[in-house]
Amino acid sequence: MKRNKIKTILSSEAARPSVLLKGWVRTRRDAKTFSFIEINDGSCLNNIQVIADDQLENYEQIKKLSTGSAVSVTGTMHDSPGKGQQWEIHAIKIEIIHIAQDDYPLQKKRHTDEFLRTISHLRPRTNKYGAAFRLRSRLCFAIHQFFQDRGFTYVHTPILTGSDCEGAGELFQVTTLDMDNPPRTDGKTDYQHDFFGKTANLTVSGQLEGEMFALALGDIYTFGPTFRAENSHTSRHASEFWMVEPEMAFCDLAEDMDYAEEFIKFLVDFVMTHCASDLALFAKFVDKNLMKTLETIVSKNFIRLPYSEAISILNQSGKNFSYDVFFGADLQTEHERFLSEEHFKQPVIIYDYPKTIKPFYMRINDDDQTVAAMDVIVPRIGEIIGGSQREERLDLLETRMDETGVSRQDHWWYLDSRRYGSVPHSGFGLGLERMVMLVTGITNIRDVIPFPRTPGSIEF
RNA sequence: UCCCCAGUAGCUCAGUCGGCAGAGCAGGUGGCUGUUAACCACCGUGUCCGUGGUUCGAGUCCGCGCUGGGGAGCCA
């Protein structure tokens, strides 16, 4: 007999004559002639209650089942007379697979997130983290569905890269050289002897390679791990995270913003529809306003605000910001929070930023002062999407590269795309973890990554 | 990298003015009960983060360090 998942059993319309469950004991309570055992198998948030009668041949062993122990239960399904559940299982046979040691760190009460981070290998066994990682999985599925339904091609851009000047944060270097005794030329490490014959790094973005495929396959997306060696200790940054980067040919900035808004709404609506019970946990224990926030995102059109107007609103707000606001200044966290959380109280897309604060590949607008860039700002999270229309005009792109100190020689292949059938195209990047944070209300990125990597921390 | 806060039992935390180290939960034993973070009684638990100093005396005050957290910068 194949095992039944608890999710399937609990959602049954009618009682089944025979079930086989395998899972872990969450809690056990003894009655006079039987024992209540609550079992969880990870298929859903809820436990199933098993009634173990003292007539079972191994009842003395069953009474020793501690929290965390693994069991296999064969039994019959019945309406539960107790409160809190529709169904329960009357055990015919309980096979003890393993009894957890009594120093099992997870208790039948609330733990702090900080403590659970020190036991990342066990925390997915808790309600909250189980829900978070199930939800993360569903969100990844939804990301693929959104793009596949719209005819996008999934492209695997490289994780090892020879490019070292994309300007998106600090890079992790990858080498096979003997770090205690590297080959040297003129006193400096000679990377001609390294594995690839030059320096190599972990990717900080698949965008440039993604553009090459958009200019061949039309609409593409990348979705994979991304690495930043920035020494930042905040609740929103990790050294290893996942990023989704769609890239669309024949697409301008307005259409790019349309896609970004439609995408976020699709993902939020998807989890509201398909992850209702897990979401309910977050709405109850993590963020009381969660459902209201999500409904706002799905129902309201995102505000679209040129950067110059954002500057005006900030200057007229009467707020005393720590950082000055003027045309040419990068928007700080306090400014973004004011706009999305206080002024508009909903997602805002800010676009047409000054070229001086944006990278070389963004398309210059006719005013020659701004570029066709856009950031999607959401309450509580801040920037969740950053994107732009790309500069498709070879001469303007080369000028921008020279201005910003990006090597034309190293990017010869990138420039080739502007020589052979160059077309307007656009794309954006969405941080998966920030999306998980948005839909769960979890405030620390370390709690939405199974085994998070941050500066000074790579246990597990 | 900068600013702020914290570190006491397995976990969550209290510890007053510098004067014998505490509670709840978890664990153990017994009892009770179609129970729901079950309940009741009893029992055990310490490098008070480390280090140096002030003091008759430091968990408590001071210096340095480590670890964790919050915020900023940078960004997704």
# chains A, B, ... in the order shown; residues from 1 in each chain; ligands from 1
>>> closest_atom_pairs(of="chain A", to="chain B", cutoff="6 Å", atoms="only C-alpha atoms (C1' of nucleotides)", output="JSON lines")
{"residue": "A:Lys108", "atom": "CA", "partner": "B:A37", "partner_atom": "C1'", "distance": 5.8}
{"residue": "A:Lys109", "atom": "CA", "partner": "B:A37", "partner_atom": "C1'", "distance": 5.7}
{"residue": "A:Gly431", "atom": "CA", "partner": "B:A76", "partner_atom": "C1'", "distance": 4.4}
>>> select_by_dssp(residues="region 172-405 of chain A", states="strand (DSSP E or B)", output="ChimeraX atom specification")
/A:173-174,184-185,188-189,200-202,219-227,240-249,303-306,348-354,362,364,370-378,382-390
>>> residues_around(residues="Glu88 (chain A)", least_positions_apart="6", cutoff="10 Å", atoms="only C-alpha atoms (C1' of nucleotides)", output="PDB file with N, CA and C atoms, in the first residue's frame")
ATOM      1  N   ILE A   9      -5.550  13.381   2.798  1.00  0.00           N
ATOM      2  CA  ILE A   9      -6.502  12.796   3.740  1.00  0.00           C
ATOM      3  C   ILE A   9      -7.391  13.880   4.355  1.00  0.00           C
ATOM      4  N   LEU A  10      -6.769  14.959   4.793  1.00  0.00           N
ATOM      5  CA  LEU A  10      -7.536  16.006   5.486  1.00  0.00           C
ATOM      6  C   LEU A  10      -8.531  16.702   4.567  1.00  0.00           C
ATOM      7  N   ALA A  15     -14.968   9.635   4.333  1.00  0.00           N
ATOM      8  CA  ALA A  15     -14.003   8.799   5.050  1.00  0.00           C
ATOM      9  C   ALA A  15     -13.512   7.666   4.149  1.00  0.00           C
ATOM     10  N   PHE A  36      -3.486  10.162  22.096  1.00  0.00           N
ATOM     11  CA  PHE A  36      -3.640  11.016  20.912  1.00  0.00           C
ATOM     12  C   PHE A  36      -2.253  11.316  20.371  1.00  0.00           C
ATOM     13  N   GLU A  38      -0.395  13.433  17.336  1.00  0.00           N
ATOM     14  CA  GLU A  38      -0.526  14.348  16.193  1.00  0.00           C
ATOM     15  C   GLU A  38       0.673  14.172  15.287  1.00  0.00           C
ATOM     16  N   ASN A  47      -1.596  19.082  11.200  1.00  0.00           N
ATOM     17  CA  ASN A  47      -1.308  17.727  11.651  1.00  0.00           C
ATOM     18  C   ASN A  47      -2.566  16.893  11.492  1.00  0.00           C
ATOM     19  N   ILE A  48      -2.382  15.581  11.552  1.00  0.00           N
ATOM     20  CA  ILE A  48      -3.558  14.718  11.625  1.00  0.00           C
ATOM     21  C   ILE A  48      -3.510  14.010  12.968  1.00  0.00           C
ATOM     22  N   GLN A  49      -4.696  13.871  13.601  1.00  0.00           N
ATOM     23  CA  GLN A  49      -4.755  13.251  14.924  1.00  0.00           C
ATOM     24  C   GLN A  49      -4.981  11.751  14.782  1.00  0.00           C
ATOM     25  N   VAL A  50      -4.089  10.994  15.390  1.00  0.00           N
ATOM     26  CA  VAL A  50      -4.194   9.535  15.354  1.00  0.00           C
ATOM     27  C   VAL A  50      -4.562   9.049  16.756  1.00  0.00           C
ATOM     28  N   ILE A  51      -5.562   8.158  16.833  1.00  0.00           N
ATOM     29  CA  ILE A  51      -5.945   7.563  18.106  1.00  0.00           C
ATOM     30  C   ILE A  51      -5.292   6.179  18.209  1.00  0.00           C
ATOM     31  N   GLY A  75      -4.434   2.632   9.435  1.00  0.00           N
ATOM     32  CA  GLY A  75      -5.643   2.800  10.231  1.00  0.00           C
ATOM     33  C   GLY A  75      -6.869   3.089   9.393  1.00  0.00           C
ATOM     34  N   THR A  76      -7.936   3.419  10.106  1.00  0.00           N
ATOM     35  CA  THR A  76      -9.190   3.751   9.458  1.00  0.00           C
ATOM     36  C   THR A  76      -9.543   5.204   9.754  1.00  0.00           C
ATOM     37  N   MET A  77     -10.313   5.789   8.840  1.00  0.00           N
ATOM     38  CA  MET A  77     -10.589   7.225   8.903  1.00  0.00           C
ATOM     39  C   MET A  77     -11.987   7.444   9.463  1.00  0.00           C
ATOM     40  N   HIS A  78     -12.114   8.423  10.393  1.00  0.00           N
ATOM     41  CA  HIS A  78     -13.417   8.653  11.033  1.00  0.00           C
ATOM     42  C   HIS A  78     -13.655  10.142  11.220  1.00  0.00           C
ATOM     43  N   ASP A  79     -14.938  10.514  11.328  1.00  0.00           N
ATOM     44  CA  ASP A  79     -15.263  11.872  11.770  1.00  0.00           C
ATOM     45  C   ASP A  79     -14.721  12.035  13.173  1.00  0.00           C
ATOM     46  N   SER A  80     -14.114  13.214  13.431  1.00  0.00           N
ATOM     47  CA  SER A  80     -13.559  13.421  14.760  1.00  0.00           C
ATOM     48  C   SER A  80     -14.582  14.071  15.675  1.00  0.00           C
ATOM     49  N   PRO A  81     -14.829  13.489  16.835  1.00  0.00           N
ATOM     50  CA  PRO A  81     -15.761  14.111  17.782  1.00  0.00           C
ATOM     51  C   PRO A  81     -15.157  15.342  18.465  1.00  0.00           C
ATOM     52  N   GLY A  82     -13.849  15.462  18.428  1.00  0.00           N
ATOM     53  CA  GLY A  82     -13.188  16.578  19.099  1.00  0.00           C
ATOM     54  C   GLY A  82     -13.260  17.857  18.286  1.00  0.00           C
TER      55      GLY A  82
END
>>> closest_residue(among="A:Ser299, A:Asn40, A:Val71, A:Ile442", to="Phe285 (chain A)", atoms="only C-alpha atoms")
A:Ile442
>>> atom_distance(atom1="CA of Tyr414 (chain A)", atom2="CA of Val244 (chain A)")
20.4 Å
>>> residues_around(residues="region 206-213 of chain A", least_positions_apart="2", cutoff="8 Å", atoms="only C-alpha atoms (C1' of nucleotides)", output="PyMOL selection string")
chain A and resi 155+157-158+203-204+215-218+220-222+245-247+414+417
>>> residues_around(residues="U55 (chain B)", least_positions_apart="3", cutoff="10 Å", atoms="only C-alpha atoms (C1' of nucleotides)", output="VMD selection string")
chain B and resid 18 58 61
>>> write_last_selection(atoms="N, CA, C and O atoms (P, O5', C5', C4', C3', O3' and C1' of nucleotides)", output="compact mmCIF listing (two decimals), in the first residue's frame")
# COMPACT_ATOMS: atom_id res chain seq x y z
P G B 18 24.23 49.99 42.32
O5' G B 18 24.96 48.58 42.52
C5' G B 18 24.35 47.38 42.03
C4' G B 18 24.96 46.18 42.71
C3' G B 18 24.67 46.09 44.21
O3' G B 18 24.66 44.71 44.59
C1' G B 18 26.98 46.20 43.89
P A B 58 33.86 40.20 43.28
O5' A B 58 32.45 40.87 42.93
C5' A B 58 31.24 40.15 43.09
C4' A B 58 30.35 40.33 41.87
C3' A B 58 30.96 39.77 40.58
O3' A B 58 29.89 39.32 39.73
C1' A B 58 30.65 42.08 40.34
P C B 61 25.60 47.31 34.90
O5' C B 61 26.86 48.11 35.48
C5' C B 61 26.70 49.31 36.21
C4' C B 61 28.03 49.97 36.45
C3' C B 61 29.01 49.92 35.27
O3' C B 61 28.75 50.94 34.33
C1' C B 61 30.13 49.29 37.26
>>> atom_distance(atom1="CA of Gly187 (chain A)", atom2="CA of Arg228 (chain A)")
28.3 Å
>>> closest_residue(among="A:Trp24, A:Tyr59, A:Phe146, A:Tyr361", to="Ile97 (chain A)", atoms="only C-alpha atoms")
A:Trp24
>>> residues_around(residues="Lys2 (chain A)", least_positions_apart="2", cutoff="9 Å", atoms="only C-alpha atoms (C1' of nucleotides)", output="count of residues only")
4
>>> residues_around(residues="Glu60 (chain A)", least_positions_apart="5", cutoff="12 Å", atoms="only C-alpha atoms (C1' of nucleotides)", output="VMD selection string")
chain A and resid 30 33 to 35 52 to 55 65 94 96
>>> write_last_selection(atoms="all heavy atoms", output="mmCIF file, in the first residue's frame")
data_model
loop_
_atom_site.group_PDB
_atom_site.id
_atom_site.type_symbol
_atom_site.label_atom_id
_atom_site.label_comp_id
_atom_site.auth_asym_id
_atom_site.auth_seq_id
_atom_site.Cartn_x
_atom_site.Cartn_y
_atom_site.Cartn_z
ATOM 1 N N ASP A 30 -1.772 11.538 26.400
ATOM 2 C CA ASP A 30 -2.313 10.246 26.823
ATOM 3 C C ASP A 30 -3.689 10.393 27.451
ATOM 4 O O ASP A 30 -3.910 11.280 28.263
ATOM 5 C CB ASP A 30 -1.381 9.602 27.860
ATOM 6 C CG ASP A 30 -0.100 9.119 27.213
ATOM 7 O OD1 ASP A 30 -0.155 8.689 26.045
ATOM 8 O OD2 ASP A 30 0.955 9.202 27.864
ATOM 9 N N THR A 33 -7.296 5.019 28.190
ATOM 10 C CA THR A 33 -7.071 3.742 27.513
ATOM 11 C C THR A 33 -6.525 3.917 26.108
ATOM 12 O O THR A 33 -6.550 2.991 25.307
ATOM 13 C CB THR A 33 -8.390 2.952 27.423
ATOM 14 O OG1 THR A 33 -9.339 3.746 26.689
ATOM 15 C CG2 THR A 33 -8.925 2.641 28.800
ATOM 16 N N PHE A 34 -6.070 5.131 25.805
ATOM 17 C CA PHE A 34 -5.503 5.341 24.466
ATOM 18 C C PHE A 34 -4.658 6.602 24.486
ATOM 19 O O PHE A 34 -4.556 7.289 25.505
ATOM 20 C CB PHE A 34 -6.608 5.439 23.409
ATOM 21 C CG PHE A 34 -7.628 6.494 23.695
ATOM 22 C CD1 PHE A 34 -7.471 7.773 23.188
ATOM 23 C CD2 PHE A 34 -8.754 6.222 24.481
ATOM 24 C CE1 PHE A 34 -8.406 8.754 23.454
ATOM 25 C CE2 PHE A 34 -9.686 7.203 24.742
ATOM 26 C CZ PHE A 34 -9.517 8.465 24.224
ATOM 27 N N SER A 35 -4.045 6.896 23.358
ATOM 28 C CA SER A 35 -3.143 8.038 23.247
ATOM 29 C C SER A 35 -3.468 8.818 21.977
ATOM 30 O O SER A 35 -3.748 8.226 20.933
ATOM 31 C CB SER A 35 -1.694 7.543 23.209
ATOM 32 O OG SER A 35 -0.796 8.613 23.243
ATOM 33 N N ALA A 52 -4.397 6.053 19.195
ATOM 34 C CA ALA A 52 -3.722 4.769 19.395
ATOM 35 C C ALA A 52 -4.310 4.104 20.638
ATOM 36 O O ALA A 52 -4.124 4.573 21.761
ATOM 37 C CB ALA A 52 -2.216 4.985 19.560
ATOM 38 N N ASP A 53 -5.026 2.992 20.448
ATOM 39 C CA ASP A 53 -5.695 2.302 21.540
ATOM 40 C C ASP A 53 -4.690 1.447 22.322
ATOM 41 O O ASP A 53 -3.710 0.957 21.771
ATOM 42 C CB ASP A 53 -6.798 1.396 20.955
ATOM 43 C CG ASP A 53 -7.724 0.891 22.022
ATOM 44 O OD1 ASP A 53 -8.698 1.605 22.333
ATOM 45 O OD2 ASP A 53 -7.449 -0.210 22.555
ATOM 46 N N ASP A 54 -4.945 1.273 23.609
ATOM 47 C CA ASP A 54 -3.978 0.503 24.415
ATOM 48 C C ASP A 54 -4.008 -0.989 24.093
ATOM 49 O O ASP A 54 -3.247 -1.764 24.660
ATOM 50 C CB ASP A 54 -4.183 0.756 25.922
ATOM 51 C CG ASP A 54 -5.518 0.249 26.431
ATOM 52 O OD1 ASP A 54 -6.310 -0.287 25.619
ATOM 53 O OD2 ASP A 54 -5.778 0.405 27.635
ATOM 54 N N GLN A 55 -4.913 -1.408 23.198
ATOM 55 C CA GLN A 55 -4.924 -2.804 22.760
ATOM 56 C C GLN A 55 -3.853 -3.092 21.718
ATOM 57 O O GLN A 55 -3.580 -4.252 21.399
ATOM 58 C CB GLN A 55 -6.301 -3.177 22.188
ATOM 59 C CG GLN A 55 -7.431 -3.076 23.205
ATOM 60 C CD GLN A 55 -7.134 -3.896 24.457
ATOM 61 O OE1 GLN A 55 -6.935 -5.102 24.392
ATOM 62 N NE2 GLN A 55 -7.080 -3.224 25.613
ATOM 63 N N LEU A 65 6.732 7.531 22.433
ATOM 64 C CA LEU A 65 6.948 8.384 21.261
ATOM 65 C C LEU A 65 7.079 9.839 21.692
ATOM 66 O O LEU A 65 6.155 10.422 22.251
ATOM 67 C CB LEU A 65 5.787 8.233 20.272
ATOM 68 C CG LEU A 65 5.780 6.974 19.412
ATOM 69 C CD1 LEU A 65 4.476 6.886 18.625
ATOM 70 C CD2 LEU A 65 6.973 6.975 18.463
ATOM 71 N N ILE A 94 0.729 0.629 14.404
ATOM 72 C CA ILE A 94 1.683 1.741 14.398
ATOM 73 C C ILE A 94 3.088 1.178 14.437
ATOM 74 O O ILE A 94 3.474 0.494 15.384
ATOM 75 C CB ILE A 94 1.467 2.683 15.603
ATOM 76 C CG1 ILE A 94 0.092 3.360 15.493
ATOM 77 C CG2 ILE A 94 2.586 3.726 15.668
ATOM 78 C CD1 ILE A 94 -0.181 4.371 16.578
ATOM 79 N N ILE A 96 6.914 1.971 14.700
ATOM 80 C CA ILE A 96 7.825 3.033 15.124
ATOM 81 C C ILE A 96 9.075 2.977 14.267
ATOM 82 O O ILE A 96 9.817 1.988 14.294
ATOM 83 C CB ILE A 96 8.167 2.891 16.617
ATOM 84 C CG1 ILE A 96 6.891 3.093 17.441
ATOM 85 C CG2 ILE A 96 9.242 3.892 17.020
ATOM 86 C CD1 ILE A 96 7.031 2.725 18.902
#
>>> closest_residue(among="A:Arg418, A:Arg125, A:Lys358, A:Lys345", to="Ala329 (chain A)", atoms="only C-alpha atoms")
A:Lys358
>>> closest_residue(among="B:C13, B:C2, B:A41, B:A21", to="G59 (chain B)", atoms="only C-alpha atoms (C1' of nucleotides)")
B:A21
>>> select_by_dssp(residues="region 36-163 of chain A", states="alpha helix (DSSP H)", output="PDB file with N, CA and C atoms, in the first residue's frame")
ATOM      1  N   TYR A  59       1.812  -0.970  22.472  1.00  0.00           N
ATOM      2  CA  TYR A  59       1.336   0.270  23.111  1.00  0.00           C
ATOM      3  C   TYR A  59       2.345   0.848  24.094  1.00  0.00           C
ATOM      4  N   GLU A  60       3.063  -0.010  24.807  1.00  0.00           N
ATOM      5  CA  GLU A  60       4.062   0.500  25.756  1.00  0.00           C
ATOM      6  C   GLU A  60       5.142   1.307  25.022  1.00  0.00           C
ATOM      7  N   GLN A  61       5.523   0.843  23.833  1.00  0.00           N
ATOM      8  CA  GLN A  61       6.496   1.579  23.015  1.00  0.00           C
ATOM      9  C   GLN A  61       5.883   2.875  22.480  1.00  0.00           C
ATOM     10  N   ILE A  62       4.607   2.790  22.065  1.00  0.00           N
ATOM     11  CA  ILE A  62       3.926   3.971  21.522  1.00  0.00           C
ATOM     12  C   ILE A  62       3.899   5.095  22.551  1.00  0.00           C
ATOM     13  N   ASP A 113      13.067  33.536  16.042  1.00  0.00           N
ATOM     14  CA  ASP A 113      13.697  33.326  14.734  1.00  0.00           C
ATOM     15  C   ASP A 113      15.208  33.235  14.872  1.00  0.00           C
ATOM     16  N   GLU A 114      15.767  34.002  15.808  1.00  0.00           N
ATOM     17  CA  GLU A 114      17.221  33.998  15.991  1.00  0.00           C
ATOM     18  C   GLU A 114      17.710  32.622  16.445  1.00  0.00           C
ATOM     19  N   PHE A 115      16.991  32.006  17.386  1.00  0.00           N
ATOM     20  CA  PHE A 115      17.369  30.664  17.826  1.00  0.00           C
ATOM     21  C   PHE A 115      17.227  29.655  16.688  1.00  0.00           C
ATOM     22  N   LEU A 116      16.119  29.743  15.951  1.00  0.00           N
ATOM     23  CA  LEU A 116      15.891  28.784  14.873  1.00  0.00           C
ATOM     24  C   LEU A 116      16.943  28.896  13.778  1.00  0.00           C
ATOM     25  N   ARG A 117      17.500  30.092  13.583  1.00  0.00           N
ATOM     26  CA  ARG A 117      18.579  30.251  12.608  1.00  0.00           C
ATOM     27  C   ARG A 117      19.808  29.435  12.996  1.00  0.00           C
ATOM     28  N   ASN A 127       6.033  24.855  12.150  1.00  0.00           N
ATOM     29  CA  ASN A 127       4.899  25.293  11.333  1.00  0.00           C
ATOM     30  C   ASN A 127       5.261  26.453  10.426  1.00  0.00           C
ATOM     31  N   LYS A 128       5.874  27.480  11.021  1.00  0.00           N
ATOM     32  CA  LYS A 128       6.143  28.707  10.273  1.00  0.00           C
ATOM     33  C   LYS A 128       7.118  28.478   9.127  1.00  0.00           C
ATOM     34  N   TYR A 129       8.206  27.750   9.414  1.00  0.00           N
ATOM     35  CA  TYR A 129       9.218  27.572   8.367  1.00  0.00           C
ATOM     36  C   TYR A 129       8.770  26.556   7.329  1.00  0.00           C
ATOM     37  N   GLY A 130       8.039  25.537   7.755  1.00  0.00           N
ATOM     38  CA  GLY A 130       7.458  24.616   6.788  1.00  0.00           C
ATOM     39  C   GLY A 130       6.575  25.363   5.808  1.00  0.00           C
ATOM     40  N   ALA A 131       5.736  26.250   6.346  1.00  0.00           N
ATOM     41  CA  ALA A 131       4.836  27.041   5.507  1.00  0.00           C
ATOM     42  C   ALA A 131       5.635  27.949   4.571  1.00  0.00           C
ATOM     43  N   ALA A 132       6.679  28.574   5.093  1.00  0.00           N
ATOM     44  CA  ALA A 132       7.468  29.507   4.279  1.00  0.00           C
ATOM     45  C   ALA A 132       8.134  28.790   3.104  1.00  0.00           C
ATOM     46  N   PHE A 133       8.632  27.575   3.355  1.00  0.00           N
ATOM     47  CA  PHE A 133       9.367  26.899   2.284  1.00  0.00           C
ATOM     48  C   PHE A 133       8.433  26.187   1.310  1.00  0.00           C
ATOM     49  N   ARG A 134       7.257  25.755   1.783  1.00  0.00           N
ATOM     50  CA  ARG A 134       6.251  25.286   0.823  1.00  0.00           C
ATOM     51  C   ARG A 134       5.841  26.438  -0.087  1.00  0.00           C
ATOM     52  N   LEU A 135       5.637  27.608   0.539  1.00  0.00           N
ATOM     53  CA  LEU A 135       5.182  28.761  -0.230  1.00  0.00           C
ATOM     54  C   LEU A 135       6.250  29.209  -1.232  1.00  0.00           C
ATOM     55  N   ARG A 136       7.508  29.163  -0.809  1.00  0.00           N
ATOM     56  CA  ARG A 136       8.603  29.518  -1.720  1.00  0.00           C
ATOM     57  C   ARG A 136       8.583  28.606  -2.951  1.00  0.00           C
ATOM     58  N   SER A 137       8.350  27.328  -2.725  1.00  0.00           N
ATOM     59  CA  SER A 137       8.287  26.372  -3.828  1.00  0.00           C
ATOM     60  C   SER A 137       7.150  26.696  -4.792  1.00  0.00           C
ATOM     61  N   ARG A 138       5.976  26.993  -4.239  1.00  0.00           N
ATOM     62  CA  ARG A 138       4.825  27.310  -5.083  1.00  0.00           C
ATOM     63  C   ARG A 138       5.059  28.592  -5.874  1.00  0.00           C
ATOM     64  N   LEU A 139       5.733  29.538  -5.236  1.00  0.00           N
ATOM     65  CA  LEU A 139       6.027  30.809  -5.900  1.00  0.00           C
ATOM     66  C   LEU A 139       6.951  30.580  -7.098  1.00  0.00           C
ATOM     67  N   CYS A 140       7.926  29.694  -6.943  1.00  0.00           N
ATOM     68  CA  CYS A 140       8.831  29.378  -8.053  1.00  0.00           C
ATOM     69  C   CYS A 140       8.060  28.754  -9.206  1.00  0.00           C
ATOM     70  N   PHE A 141       7.127  27.861  -8.864  1.00  0.00           N
ATOM     71  CA  PHE A 141       6.274  27.256  -9.895  1.00  0.00           C
ATOM     72  C   PHE A 141       5.470  28.333 -10.615  1.00  0.00           C
ATOM     73  N   ALA A 142       4.923  29.276  -9.846  1.00  0.00           N
ATOM     74  CA  ALA A 142       4.106  30.348 -10.421  1.00  0.00           C
ATOM     75  C   ALA A 142       4.929  31.235 -11.349  1.00  0.00           C
ATOM     76  N   ILE A 143       6.183  31.454 -10.988  1.00  0.00           N
ATOM     77  CA  ILE A 143       7.074  32.267 -11.832  1.00  0.00           C
ATOM     78  C   ILE A 143       7.229  31.605 -13.200  1.00  0.00           C
ATOM     79  N   HIS A 144       7.486  30.299 -13.186  1.00  0.00           N
ATOM     80  CA  HIS A 144       7.608  29.583 -14.459  1.00  0.00           C
ATOM     81  C   HIS A 144       6.290  29.634 -15.226  1.00  0.00           C
ATOM     82  N   GLN A 145       5.186  29.432 -14.512  1.00  0.00           N
ATOM     83  CA  GLN A 145       3.889  29.415 -15.203  1.00  0.00           C
ATOM     84  C   GLN A 145       3.603  30.756 -15.866  1.00  0.00           C
ATOM     85  N   PHE A 146       3.880  31.847 -15.146  1.00  0.00           N
ATOM     86  CA  PHE A 146       3.613  33.178 -15.708  1.00  0.00           C
ATOM     87  C   PHE A 146       4.315  33.350 -17.050  1.00  0.00           C
ATOM     88  N   PHE A 147       5.597  33.010 -17.075  1.00  0.00           N
ATOM     89  CA  PHE A 147       6.353  33.258 -18.306  1.00  0.00           C
ATOM     90  C   PHE A 147       6.070  32.205 -19.380  1.00  0.00           C
ATOM     91  N   GLN A 148       5.936  30.952 -18.967  1.00  0.00           N
ATOM     92  CA  GLN A 148       5.667  29.906 -19.959  1.00  0.00           C
ATOM     93  C   GLN A 148       4.319  30.144 -20.638  1.00  0.00           C
ATOM     94  N   ASP A 149       3.309  30.581 -19.843  1.00  0.00           N
ATOM     95  CA  ASP A 149       1.991  30.864 -20.418  1.00  0.00           C
ATOM     96  C   ASP A 149       2.056  31.979 -21.458  1.00  0.00           C
TER      97      ASP A 149
END
